[in-house]
Structure formats: structure tokens, C-alpha cells
Number of protein chains: 2
Amino acid sequence: MRQGALREHNLGLVLRQVASAPRPPSRADIAAATGLTRATVSALVDDLITGRLLAEVGPAPRAGAGRPAAGLVLAANGPAGLGLEINIDYLAACVVDLAGAVRHHRVRRADQRPRRLDEVLGELAGLAAMARADAEREGVEVAGAAVAVPGLVDASGLVRLAPNLGWRDVDVSDGLGLEGLAVTVDNEANLAALGELHAGPPGPASFLYVSGEIGIGAGIVLNGALYRGARGWSGELGHVAVRPDGPTCRCGARGCLEQYAGQEGILRAAGAADTDELMRRAEAGDAATREALTNAGTALGVAVAGVVNVLDLDTVVLGGVYAPLSRWLCPAVEVEVERRVLTAAWSPVVVRRSLLGADAASVGAAGAVVREIRDHPARWLARAVTEAGHQP
Amino acid sequence: MRQGALREHNLGLVLRQVASAPRPPSRADIAAATGLTRATVSALVDDLITGRLLAEVGPAPRAGAGRPAAGLVLAANGPAGLGLEINIDYLAACVVDLAGAVRHHRVRRADQRPRRLDEVLGELAGLAAMARADAEREGVEVAGAAVAVPGLVDASGLVRLAPNLGWRDVDVSDGLGLEGLAVTVDNEANLAALGELHAGPPGPASFLYVSGEIGIGAGIVLNGALYRGARGWSGELGHVAVRPDGPTCRCGARGCLEQYAGQEGILRAAGAADTDELMRRAEAGDAATREALTNAGTALGVAVAGVVNVLDLDTVVLGGVYAPLSRWLCPAVEVEVERRVLTAAWSPVVVRRSLLGADAASVGAAGAVVREIRDHPARWLARAVTEAGHQP
DNA sequence: ATGATTTGTTCAACGGTTGAATTATTTGCC
DNA sequence: GGCAAATAATTCAACCGTTGAACAAATCAT
């Protein structure tokens, strides 16, 4: 039973090695890096090439003598992931291939709050169908899908609560027209954090991804893996207490971060109608707006400093609506982190904006699908073999 | 290179299976539980028995027909772990065997703050020598040691800062007279959290262990493993902000939890000279003391609720001086957690006192040593074989 | 051209697991 | 008491994946 697990492990090892190499590596490079024999690597690579997970590229010019090496890259025409996102004011769909390249991306802006559930899912199903058709045209096969939702999602994929959409106990994967596909549903901040993880340099990382929307969520990446919590409900940063006797939050408690740094609170304090107006005023140098952003950043910094003190993270990423506002938020956050994190003197904590910006969740969702294949290639290979057998 | 890793993995699998079984399992039970064949399990068990990690017990009476099964238990005369603890007002040493039984335990109470470093380490070396001699008398071999220290310990085992002992950049493992042994050094709260993890029911668990002493530290266990942070400095709960504009802490920031729920703050508010007096007054029903404890519990609850909101933990354990005080602290902590944790309505958060009390860190340290052997038995087996070869 | 050098493949051997057959030891039933 | 059924543990040939050495392929340096 565990004899085959060895091969599965080594297939994944080779695949990850190719993915993390700065240049297309040869079989010999992989053997040297992993400690496996060249013979074993050759056998593994053969399986991966016939399974359309790896491809050979022309021999690179080499310095010195010796037979030229055939470079290996992740296959661009292999399996791809479909990422879908439902958010308050837009829907999005994208396709990411095994190498991490975004092959399709489409956003449809519209306030989803007044719409009925089936309208929302119907339009998302349309976006998904377009994405699949586009992927097929490009010669990649969609192998699975992940849906990002701004709310609490339980282990079975049921949306237990999405307060800003007014949803409760909704089965999102149903009614998307993706019957043949494996569909997972996850919290928007979690998938955005995964997107940020895979967009950065390869290798393990620990960071806090803060997603500022109407609410404030967080995705926690520890040692290169997403931490979901005991029940999958981690990251409720918006309800960390900033002032225990502050104003009452809609959750019932007092002084939650959301009251100070939530999108609605910032807009109210700045006297702006929406984020676009807020941005314009901030760029114009409006004093009240700048003050509102500084106050929000300070409150965010207090909460983030608490998390960093407890988890000892070296990076904090600001995403969602915080990403475009990061120019004004980051300094205030950094001041509080610098002041309140006990070990900040030894090792600095970086506070930066999201690399992917507003696309983080949808790209992260698609990336999570291909990452699953990359980490467990044997499952994909077994599937590919049985399919070939069934439809020759 | 990875062919042998398969065997190492399976040796560990069998060992963990024996450890987590409610009754001594037979080879056939293990095979059924792990999915390995009976033949493979027999071979693995033979290696583990000759390596003194497992032992057979007499056949248990069975219901129905069939050859009786030979029960397997973790060897009581195999390798054991030596746990040492340096704390503000006591030193401790203990020996824990592979099955988790405490075979030796000794505490020497004395305020360590006025003493010189070499005095402290000298006395601890004496305790360690006594523990080893006692272990030898009982027929167990000490296979390694771990030292718990109330301070920041870096990855190399150097104590970077122990504020309440006045230590900075101290190499503790040097000068303990344990030259032949593998010695690790770790934060007191981390090792206490491990002790609590192994004292509870087997299987993965996620919880926050809060260690109240002069400072307030925390050990974080996620999915059955200790989380140490990006640099190993996780758990600085004492410097989480409870009131951002509260009194200035000795760390320089304002409103840290330590100011409200640290041992010294509680004693001052209650007007008690030491913890014993505090306990007496609280039991006598003194109003000022009760109020001081409730206020401390409330502040602790605010900070703990923030951590639980972010990490989605289902259990919080109060240890250190909080353990004997938990009768008065827990209710106040629970009120804040109930009020402030967003998902508390779905899934309750348990706040309870430490099972091991004041012994958690030393027992946890010794347990960490044997747990290392239990998880990587191949290393121990290899060592045992070479030793047998050298001294036949 | 020839040798040095590096890549990739082939093949017998090896370590570890597997599955079936075999032995060992008990209970239940006549 | 004897025998069949049942369960535990071991033995052994077969199998799977990795290993190491030998070998063929392709290039550069001289």
C-alpha cells in the first residue's frame, strides 16, 4: 500500500524541482538537487512527460564540453485550474496553467447585493463556461475549479455565512454547470493568500494576508502552507478588539477593528461616497481623508502587531481595497508594528501591498487547483491513463 | 536514498499506532489499522523489539476462537528523555520514558534572580546528574535532554534574552555536564504546550497554552504540532495591546497585556506580597483580590479572543501561575471569549486550566525528547546497532 | 580525428513490501 | 478426547521502485 506512495512522493519532488528552478533544469540537474539517481529521475520524467505535466525544451547552449542537456519545463498544454470569485461588487473567472501563467481572465463589475442567488450563480456559470471554452481553444484542459467567497465556508464547501451578500447555508458549487469537474469552495482571503504565496519567490514563507473589504478578513500562511484553523474559520481579523470599550460592532462585541478600519468606516470618516472618490481625495491631499486613512492604518497596525507578536511573522501583505490605499495605510501600520512587536528590533517586519492586487483571490483559486496537481501528480497521471483507456 | 525513508516512515507509523491504541494491540491489529500487511508489520515489530522500543505483554484473554494475540506496548526499559527547567523561582529535572510515564521528578525552589549564572547552571547540573543516576537504577537509558528557559531562544539554542533572569546571549547547554547527550534548549511556554499536548488524548489538536509568570508567554499547537514562528519567537502574548493608550510597558509600547494580567500587576492590584498570599486572600473571599483577578481575566480574555478569532482554536489552556488561579480567572476569560469570538456561537471555545500545572514545562521537555525518538525511530535503531557493535 | 566531458538510457542487483501458503494456538462442538 | 473453525504470526517467492555501474550519445578542446 505504501510502495506506490514512494513513487507518488518522488513524482511530486521532481515536479516541484522543475517549478522552483530558475532555469529549465536537465534530468541530471534534478538528480543532483534531489539526491535521486539519474536513472530514477529519467524514469520519473518519462512518466511526467507522457502524462502531459512536463515538456522538453530545446537544448540550451552550454559552456564547456559534454552532451547538451534537454531542459525541462512545466507543460503549458497540460492541466489548468479554473478560478472563480464572487465578491460584493464584482464576479471574476480566470484560468491558470501548470506553470502559473494566467491564460484567461475576465471580471464583470456589478453590485451583487441586490441580486438573487440564482442570478449571481447564473452569471458566474456563464463566466465559467466562457473561461473553459477559451482554455480549450488555447489547448489546455481545465482539471478542476475553486470558488472564492467572502464569507465563512465549512469543511464540506458549504457557505455558512456571507454577511455582506446576505447568504446563509448556500451550496455554491451547485448550479455552476461544472458537473464533471472537482469543485472546491473557500474563503476569499484564504485563496488570495495562496495567490500571494505562489506569486512570490518559491520556497516556504510565513505571512499574514489582510483582505480589506466591507469586512476585514485574513489568510494565514505558515511555513508555506495555508493555515485554515481547527474548523476552517481562521482569519477573522476584523473582530479583533482594538479598544475593548469602543463602539458596538454588528457582531455584538465592542471596539472591533472593523469599526475603525472597515471600508465603510473609512468612507464615513473621510466623507467619501465610494473608494474611487476616496482615492481621488487622498491623491489631491485632502486633510480629512488623509487623517481618516492614518487612523485606519493605526488601528490596523495595533491588531496586526498583536498577531505578529503571537505568530512571529516576517511579512504582512495588504490586499483587497487596502491594496490601492496602501500608499497611505502602510506607514501608519508600520509605525504601530515597529512600536509594539517585541522582536521588531532583531528582525524587521515588512508591511507591503499585495502583488496581485484585486485579482489575488481568483488567481489564487485557480492556482490552488494546479498546485494540488503539482503536489500530487500521481492522481492526475492515474486519471489521464484511465481516460485514455476509456476513450482511445 | 529514499528507499530507506519508506522503512523509517513505517517504523514510526507502527510505533505511533501502538502509542495511540487504547489497549496493547496485536501485530494483526496494527496491520488492519495502518493498511500494511501482517508480514510487513511483523518485520517492523521485530526491528522495534530488538531495538528496545517495543515490548510484548502476555496474551490478553480473547472472546471467541483463535490463537491469542501477543499485545505490544512501548518499552518501559528503552530510551527515556531528560527534561530540565530553569524558572524564576525554581529549578526542576525529570525523566520520562517512551510510554510517557514520569520515572523521576525533582524540584528545587529558590529565587534564581540574585544568583550568578554559573551557580544556577551548577545546581541544575547536579539535578541532572541525580536524574540520570536514578534513571540508570530504574533500567532506562537517558537518550537526550531538553532545557526549558523563560526567554527568547534562537534556532541554535542560544538564549538571546531572558528578561526576568537578567540573561542575554547565554549558552545554557554548556556547563550542564551532559557532554555525551544531545541537548536542546527551548522556550518554557513552548515546551509546556508540548507537555500539555502529550498529556491529553492522542491525535491532532490545536490550542493556545498561556503561561502566566512574571511575563506572559504562549505556546501555540496547530494540528498536533508546535508552531515556533518564522524565527522561533512566537507566543509573545504579553505584549499584545489590550488598550492602545494604556500605561507604558517596559517594552516601550503602551497598554500591553502584561500590564493588566502579569503576575506583578495582579499582586499590586490585590495588595498581596506573593502568589501564596494572593491564593489565601482569594480563597477567603477578599473583595479587592477577587476584583483584581477578574480584571486580569478580562484583559487576558480580550487578548485571547483576538488570537482565537485569527487562528480559530477550540481550546485555551491556562498554565504557570494562572493554573492555581484558574478558578477565578477562567470565568472572566470565558465571558470575553464568548462575547468577542465571532464563531463562538457555532463552536464553543473551552478555557481550562493546565492538566500538568507547574510541571508542564519540565515534563514537556522530557516528553519532547522521547517524542522525537517515537517519530523517528530509525535514528535510534541505527544508534543502538552501532553502540552494540562498539561495546559487545 | 581523437580524447575528454557531460547527458541520458539500459540492466542486473537490492531493499522493502505484498500476497498466498503454512504453522501455531486457542475455542466450540460433538 | 477429538476435530473443525477461527485467529495470530511466520515463511517465502514475486513484485515494485530505486540503485549503481556500464554504455551509448552528443558536444567541445586540442
# chains A, B, ... in the order shown; residues from 1 in each chain; ligands from 1

call {"tool": "select_by_dssp", "arguments": {"residues": "region 37-125 of chain B", "states": "alpha helix (DSSP H)", "output": "number ranges by chain"}}
result
B: 38-50, 117-125

call {"tool": "write_last_selection", "arguments": {"atoms": "C-alpha atoms", "output": "tab-separated table (two decimals), in the first residue's frame"}}
result
chain	number	residue	atom	x	y	z
B	38	ARG	CA	0.77	-8.58	8.57
B	39	ALA	CA	4.07	-9.75	7.11
B	40	THR	CA	5.43	-6.21	6.93
B	41	VAL	CA	4.19	-5.34	10.40
B	42	SER	CA	5.85	-8.47	11.81
B	43	ALA	CA	9.17	-7.49	10.26
B	44	LEU	CA	8.90	-3.91	11.54
B	45	VAL	CA	7.89	-5.02	15.03
B	46	ASP	CA	10.85	-7.40	15.19
B	47	ASP	CA	13.20	-4.50	14.50
B	48	LEU	CA	11.48	-2.35	17.10
B	49	ILE	CA	11.61	-5.07	19.77
B	50	THR	CA	15.31	-5.79	19.23
B	117	LEU	CA	24.80	32.23	36.02
B	118	ASP	CA	27.35	29.54	36.91
B	119	GLU	CA	25.69	28.94	40.28
B	120	VAL	CA	22.35	28.36	38.57
B	121	LEU	CA	23.78	26.08	35.93
B	122	GLY	CA	25.88	24.25	38.51
B	123	GLU	CA	22.88	23.40	40.64
B	124	LEU	CA	20.91	22.36	37.57
B	125	ALA	CA	23.82	20.12	36.54

call {"tool": "residues_around", "arguments": {"residues": "region 233-245 of chain B", "least_positions_apart": "2", "cutoff": "8 Å", "atoms": "only C-alpha atoms (C1' of nucleotides)", "output": "VMD selection string"}}
result
(chain A and resid 241 to 244 302 to 303 305 to 307 309 to 312 340 to 343) or (chain B and resid 152 to 154 189 210 215 to 220 227 to 231 247 251 254 to 258 262 299 302 to 303)

call {"tool": "closest_atom_pairs", "arguments": {"of": "chain C", "to": "chain B", "cutoff": "9 Å", "atoms": "only C-alpha atoms (C1' of nucleotides)", "output": "JSON lines"}}
result
{"residue": "C:DG15", "atom": "C1'", "partner": "B:Gln3", "partner_atom": "CA", "distance": 7.0}
{"residue": "C:DG16", "atom": "C1'", "partner": "B:Arg7", "partner_atom": "CA", "distance": 7.2}
{"residue": "C:DT17", "atom": "C1'", "partner": "B:Thr40", "partner_atom": "CA", "distance": 6.6}
{"residue": "C:DT18", "atom": "C1'", "partner": "B:Thr37", "partner_atom": "CA", "distance": 7.1}
{"residue": "C:DG19", "atom": "C1'", "partner": "B:Thr37", "partner_atom": "CA", "distance": 8.6}
{"residue": "C:DA24", "atom": "C1'", "partner": "B:Arg67", "partner_atom": "CA", "distance": 7.5}
{"residue": "C:DT25", "atom": "C1'", "partner": "B:Arg67", "partner_atom": "CA", "distance": 4.4}
{"residue": "C:DT26", "atom": "C1'", "partner": "B:Arg67", "partner_atom": "CA", "distance": 4.5}
{"residue": "C:DT27", "atom": "C1'", "partner": "B:Ala65", "partner_atom": "CA", "distance": 4.0}
{"residue": "C:DG28", "atom": "C1'", "partner": "B:Ala65", "partner_atom": "CA", "distance": 7.5}

call {"tool": "write_last_selection", "arguments": {"atoms": "N, CA and C atoms (P, O5', C5', C4', C3', O3' and C1' of nucleotides)", "output": "compact mmCIF listing (two decimals), in the first residue's frame"}}
result
# COMPACT_ATOMS: atom_id res chain seq x y z
P DG C 15 20.27 -5.08 0.13
O5' DG C 15 19.19 -4.05 0.69
C5' DG C 15 19.17 -2.71 0.22
C4' DG C 15 17.78 -2.13 0.43
C3' DG C 15 17.06 -2.66 1.67
O3' DG C 15 16.39 -1.60 2.30
C1' DG C 15 15.79 -3.17 -0.28
P DG C 16 15.60 -1.84 3.68
O5' DG C 16 14.12 -2.01 3.17
C5' DG C 16 13.50 -0.91 2.48
C4' DG C 16 12.12 -1.30 2.07
C3' DG C 16 11.28 -1.98 3.18
O3' DG C 16 10.04 -1.31 3.32
C1' DG C 16 11.25 -3.26 1.17
P DT C 17 8.88 -1.81 4.27
O5' DT C 17 7.80 -2.36 3.23
C5' DT C 17 7.43 -1.53 2.13
C4' DT C 17 6.53 -2.29 1.19
C3' DT C 17 5.31 -2.94 1.85
O3' DT C 17 4.16 -2.64 1.06
C1' DT C 17 6.51 -4.55 0.61
P DT C 18 2.72 -3.15 1.54
O5' DT C 18 2.50 -4.46 0.67
C5' DT C 18 2.71 -4.40 -0.74
C4' DT C 18 2.34 -5.71 -1.40
C3' DT C 18 1.14 -6.42 -0.80
O3' DT C 18 0.24 -6.76 -1.84
C1' DT C 18 2.99 -7.90 -0.93
P DG C 19 -1.29 -7.07 -1.52
O5' DG C 19 -1.37 -8.64 -1.75
C5' DG C 19 -0.76 -9.18 -2.91
C4' DG C 19 -0.75 -10.68 -2.83
C3' DG C 19 -1.94 -11.30 -2.10
O3' DG C 19 -2.35 -12.46 -2.81
C1' DG C 19 0.06 -11.97 -1.03
P DA C 24 4.51 -25.32 13.88
O5' DA C 24 3.62 -24.29 14.70
C5' DA C 24 4.07 -22.95 14.86
C4' DA C 24 3.12 -22.21 15.79
C3' DA C 24 2.63 -23.02 16.98
O3' DA C 24 2.69 -22.19 18.14
C1' DA C 24 0.78 -22.18 15.77
P DT C 25 2.56 -22.87 19.57
O5' DT C 25 1.09 -22.45 20.00
C5' DT C 25 0.75 -21.07 20.07
C4' DT C 25 -0.74 -20.92 20.19
C3' DT C 25 -1.38 -21.80 21.27
O3' DT C 25 -2.12 -20.97 22.15
C1' DT C 25 -2.63 -21.84 19.28
P DT C 26 -2.40 -21.52 23.64
O5' DT C 26 -3.99 -21.60 23.63
C5' DT C 26 -4.74 -20.41 23.78
C4' DT C 26 -5.96 -20.43 22.88
C3' DT C 26 -7.18 -21.18 23.42
O3' DT C 26 -7.95 -20.34 24.25
C1' DT C 26 -6.95 -21.32 21.03
P DT C 27 -9.14 -20.97 25.12
O5' DT C 27 -10.34 -21.01 24.07
C5' DT C 27 -10.82 -19.80 23.48
C4' DT C 27 -11.99 -20.10 22.56
C3' DT C 27 -13.17 -20.79 23.24
O3' DT C 27 -14.38 -20.18 22.84
C1' DT C 27 -12.43 -22.07 21.37
P DG C 28 -15.75 -20.53 23.55
O5' DG C 28 -16.37 -21.56 22.51
C5' DG C 28 -16.56 -21.15 21.15
C4' DG C 28 -17.16 -22.28 20.34
C3' DG C 28 -18.29 -23.04 21.06
O3' DG C 28 -19.32 -23.31 20.11
C1' DG C 28 -16.57 -24.55 20.47

call {"tool": "atom_distance", "arguments": {"atom1": "CA of Ala192 (chain A)", "atom2": "CA of Val172 (chain A)"}}
result
18.3 Å

call {"tool": "closest_residue", "arguments": {"among": "B:Gly151, B:Gly51, B:Gly157, B:Pro79", "to": "chain A", "atoms": "only C-alpha atoms"}}
result
B:Gly151

call {"tool": "interface_residues", "arguments": {"of": "chain D", "to": "chain A", "cutoff": "9 Å", "atoms": "only C-alpha atoms (C1' of nucleotides)", "output": "PyMOL selection string"}}
result
chain D and resi 16-20+25-29

call {"tool": "decode", "arguments": {"residues": "region 34-83 of chain B", "atoms": "C-alpha atoms", "output": "compact mmCIF listing (two decimals), in the first residue's frame"}}
result
# COMPACT_ATOMS: atom_id res chain seq x y z
CA THR B 34 -2.37 1.00 9.02
CA GLY B 35 -3.19 -0.86 5.81
CA LEU B 36 0.21 -2.59 5.82
CA THR B 37 0.36 -6.38 5.53
CA ARG B 38 0.77 -8.58 8.57
CA ALA B 39 4.07 -9.75 7.11
CA THR B 40 5.43 -6.21 6.93
CA VAL B 41 4.19 -5.34 10.40
CA SER B 42 5.85 -8.47 11.81
CA ALA B 43 9.17 -7.49 10.26
CA LEU B 44 8.90 -3.91 11.54
CA VAL B 45 7.89 -5.02 15.03
CA ASP B 46 10.85 -7.40 15.19
CA ASP B 47 13.20 -4.50 14.50
CA LEU B 48 11.48 -2.35 17.10
CA ILE B 49 11.61 -5.07 19.77
CA THR B 50 15.31 -5.79 19.23
CA GLY B 51 15.86 -2.02 19.35
CA ARG B 52 14.19 -1.88 22.80
CA LEU B 53 11.41 0.43 21.63
CA LEU B 54 8.57 -2.09 21.87
CA ALA B 55 7.87 -4.99 24.22
CA GLU B 56 5.44 -7.88 24.18
CA VAL B 57 3.00 -8.38 27.03
CA GLY B 58 1.27 -11.63 27.90
CA PRO B 59 -1.62 -12.65 25.70
CA ALA B 60 -4.89 -10.98 26.69
CA PRO B 61 -7.91 -13.24 27.21
CA ARG B 62 -9.87 -13.24 23.98
CA ALA B 63 -13.53 -13.67 23.15
CA GLY B 64 -14.25 -16.43 20.67
CA ALA B 65 -11.93 -18.88 18.97
CA GLY B 66 -8.47 -18.29 17.58
CA ARG B 67 -4.88 -18.11 18.63
CA PRO B 68 -4.43 -15.43 21.32
CA ALA B 69 -2.70 -12.20 20.29
CA ALA B 70 0.55 -11.02 21.81
CA GLY B 71 -0.06 -7.43 22.94
CA LEU B 72 2.51 -4.77 22.10
CA VAL B 73 3.41 -1.87 24.37
CA LEU B 74 6.03 0.88 24.29
CA ALA B 75 9.10 -0.40 26.11
CA ALA B 76 9.42 0.82 29.68
CA ASN B 77 13.15 -0.03 29.78
CA GLY B 78 14.03 1.62 26.48
CA PRO B 79 15.24 5.17 25.88
CA ALA B 80 13.98 7.99 28.09
CA GLY B 81 14.11 11.78 27.94
CA LEU B 82 15.66 14.12 30.49
CA GLY B 83 13.73 17.34 30.99
